[in-house]
Amino acid sequence: MGYYNKISVEQGSRRQLSNQIRGARRSMNNLPFELSLESSSEIDKFDRAQDKESLQKFNKDVEDWANKAKQSLRTSIKSLVKRDVYLSDSLKANLYYDRKYSKEVNRVGFSFAREGIYIHKGAGRGQGGIIGGKWIDRHGSLKQRAAESAGLQGTRNRKQIRWFDPVIEGKLPQLADMVADYSATMQINAANIYIDDRP
């Protein structure tokens, strides 16, 4: 196989893997670390859309909450993590809107560099989790967990640094109060926000 042919095959397998990852996320219909604001009544959702002033105030309040949570997470990273290479710079708060009747916030997500998971769980080179995986690093190389490192995360010299979950737990009551003031039929689903709940 020629050099250029080999490169095109490698790029095709990388693209296929990244498409598989994207497809898996789409099929779950959520991002890795997000909480959703779910309404139990379509009628109430329609009624809330008619009150533009309170809707805009709610969207602004949730946006402010997300930015404060992001700042608290950055402070947590700076105080707990000794070697912060990309994590604090990569941290972003993402808002997603339901546009069925009007533009209402229905999800708040947090995205950050992959090293954030390693730091939180105590994983690293030679100290992987139970479930292995394949991923593409920032240089485009296909990587996978070594078999001999299975189940060693949080052991030896790498200990868990819980920089994410405690901060979010502390901030959730404020968001719950905002949601309760806005609507009686809206509730927070925080099943996908915590890192510790994942294998």
# chains A, B, ... in the order shown; residues from 1 in each chain; ligands from 1
$ residues_around --residues "stretch 87-96 of chain A" --least-positions-apart "5" --cutoff "10 Å" --atoms "only C-alpha atoms" --output "compact mmCIF listing (two decimals) with N, CA and C atoms, in the first residue's frame"
# COMPACT_ATOMS: atom_id res chain seq x y z
N GLU A 34 -24.70 17.62 31.45
CA GLU A 34 -25.75 18.63 31.32
C GLU A 34 -26.89 18.31 32.28
N SER A 36 -31.16 19.12 32.49
CA SER A 36 -32.27 19.57 31.65
C SER A 36 -33.39 20.11 32.53
N ASN A 59 -34.66 33.29 31.23
CA ASN A 59 -33.50 32.96 30.39
C ASN A 59 -32.25 33.68 30.88
N VAL A 62 -31.02 32.10 34.21
CA VAL A 62 -30.34 30.81 33.99
C VAL A 62 -28.96 31.05 33.37
N GLU A 63 -28.87 32.01 32.46
CA GLU A 63 -27.57 32.33 31.85
C GLU A 63 -26.60 32.86 32.92
N TRP A 65 -26.76 32.18 36.12
CA TRP A 65 -26.42 31.03 36.96
C TRP A 65 -25.32 30.19 36.31
N ALA A 66 -25.44 29.94 35.02
CA ALA A 66 -24.45 29.12 34.31
C ALA A 66 -23.08 29.79 34.32
N ASN A 67 -23.04 31.11 34.14
CA ASN A 67 -21.77 31.82 34.16
C ASN A 67 -21.14 31.82 35.55
N LYS A 68 -21.97 31.97 36.60
CA LYS A 68 -21.45 31.90 37.97
C LYS A 68 -20.93 30.50 38.29
N ALA A 69 -21.65 29.49 37.81
CA ALA A 69 -21.19 28.11 38.02
C ALA A 69 -19.87 27.88 37.30
N LYS A 70 -19.74 28.42 36.10
CA LYS A 70 -18.48 28.29 35.35
C LYS A 70 -17.33 28.96 36.10
N GLN A 71 -17.58 30.15 36.65
CA GLN A 71 -16.53 30.85 37.41
C GLN A 71 -16.17 30.06 38.68
N LEU A 73 -16.39 26.82 39.01
CA LEU A 73 -15.63 25.65 38.56
C LEU A 73 -14.19 26.04 38.25
N ARG A 74 -13.99 27.20 37.62
CA ARG A 74 -12.62 27.66 37.34
C ARG A 74 -11.85 27.92 38.63
N THR A 75 -12.51 28.50 39.61
CA THR A 75 -11.87 28.72 40.91
C THR A 75 -11.50 27.40 41.55
N SER A 76 -12.39 26.42 41.45
CA SER A 76 -12.13 25.09 41.98
C SER A 76 -10.91 24.46 41.30
N ILE A 77 -10.83 24.61 39.99
CA ILE A 77 -9.69 24.06 39.25
C ILE A 77 -8.39 24.71 39.70
N LYS A 78 -8.41 26.05 39.80
CA LYS A 78 -7.18 26.78 40.18
C LYS A 78 -6.72 26.41 41.59
N VAL A 81 -6.23 21.78 41.41
CA VAL A 81 -5.41 21.10 40.40
C VAL A 81 -4.05 21.78 40.31
N LYS A 103 -38.51 31.03 22.71
CA LYS A 103 -37.12 30.68 23.02
C LYS A 103 -36.95 30.58 24.54
N GLU A 104 -37.08 29.34 25.06
CA GLU A 104 -36.99 29.10 26.50
C GLU A 104 -35.84 28.12 26.76
N VAL A 105 -35.01 28.44 27.76
CA VAL A 105 -33.89 27.57 28.11
C VAL A 105 -34.44 26.23 28.59
N ASN A 106 -33.93 25.13 28.01
CA ASN A 106 -34.36 23.82 28.51
C ASN A 106 -33.20 22.91 28.89
N ARG A 107 -31.96 23.33 28.62
CA ARG A 107 -30.80 22.54 29.04
C ARG A 107 -29.63 23.47 29.33
N VAL A 108 -28.83 23.09 30.31
CA VAL A 108 -27.58 23.78 30.62
C VAL A 108 -26.50 22.72 30.63
N GLY A 109 -25.47 22.90 29.82
CA GLY A 109 -24.40 21.92 29.74
C GLY A 109 -23.05 22.56 30.02
N PHE A 110 -22.09 21.74 30.40
CA PHE A 110 -20.72 22.19 30.62
C PHE A 110 -19.80 21.33 29.78
N SER A 111 -18.94 21.97 29.02
CA SER A 111 -17.97 21.23 28.22
C SER A 111 -16.57 21.65 28.64
N PHE A 112 -15.64 20.71 28.57
CA PHE A 112 -14.26 20.98 28.96
C PHE A 112 -13.35 19.93 28.34
N ALA A 113 -12.06 20.16 28.44
CA ALA A 113 -11.06 19.25 27.86
C ALA A 113 -11.14 17.89 28.54
N ARG A 114 -10.70 16.89 27.82
CA ARG A 114 -10.75 15.50 28.29
C ARG A 114 -9.99 15.30 29.60
N GLU A 115 -8.96 16.10 29.82
CA GLU A 115 -8.16 15.93 31.03
C GLU A 115 -8.98 16.17 32.30
N GLY A 116 -10.09 16.89 32.18
CA GLY A 116 -10.95 17.13 33.34
C GLY A 116 -11.52 15.85 33.92
N ILE A 117 -11.84 14.90 33.05
CA ILE A 117 -12.35 13.59 33.51
C ILE A 117 -11.22 12.81 34.18
N ILE A 119 -8.57 13.94 35.69
CA ILE A 119 -8.24 14.55 36.98
C ILE A 119 -9.32 14.20 38.01
$ select_by_dssp --residues "stretch 58-188 of chain A" --states "strand (DSSP E)" --output "list of chain:residue names"
A:Lys92, A:Ala93, A:Asn94, A:Leu95, A:Tyr96, A:Tyr97, A:Asp98, A:Glu104, A:Val105, A:Asn106, A:Arg107, A:Val108, A:Gly109, A:Phe110, A:Ser111, A:Lys134, A:Trp135, A:Ile136, A:Leu142, A:Lys143, A:Gln144, A:Met186, A:Gln187, A:Ile188
$ atom_distance --atom1 "atom CA of A:Ile161" --atom2 "atom CA of A:His120"
4.8 Å
$ closest_residue --among "A:Val85, A:Leu80, A:Ile195, A:Met186" --to "A:Lys121" --atoms "only C-alpha atoms"
A:Ile195
$ residues_around --residues "A:Gln174" --least-positions-apart "2" --cutoff "12 Å" --atoms "only C-alpha atoms" --output "list of chain:residue names"
A:Asp61, A:Val62, A:Asp64, A:Trp65, A:Ala66, A:Lys68, A:Ala69, A:Ile168, A:Glu169, A:Gly170, A:Lys171, A:Leu172, A:Ala176, A:Asp177, A:Met178, A:Val179, A:Ala180, A:Asp181, A:Ile188
$ atom_distance --atom1 "atom CA of A:Arg145" --atom2 "atom CA of A:Ala191"
26.4 Å
$ residues_around --residues "A:Glu42" --least-positions-apart "4" --cutoff "10 Å" --atoms "only C-alpha atoms" --output "list in words"
Phe46, Asp47, Arg48, Tyr101 and Thr185 of chain A
$ atom_distance --atom1 "atom CA of A:Ala184" --atom2 "atom CA of A:Leu37"
11.9 Å
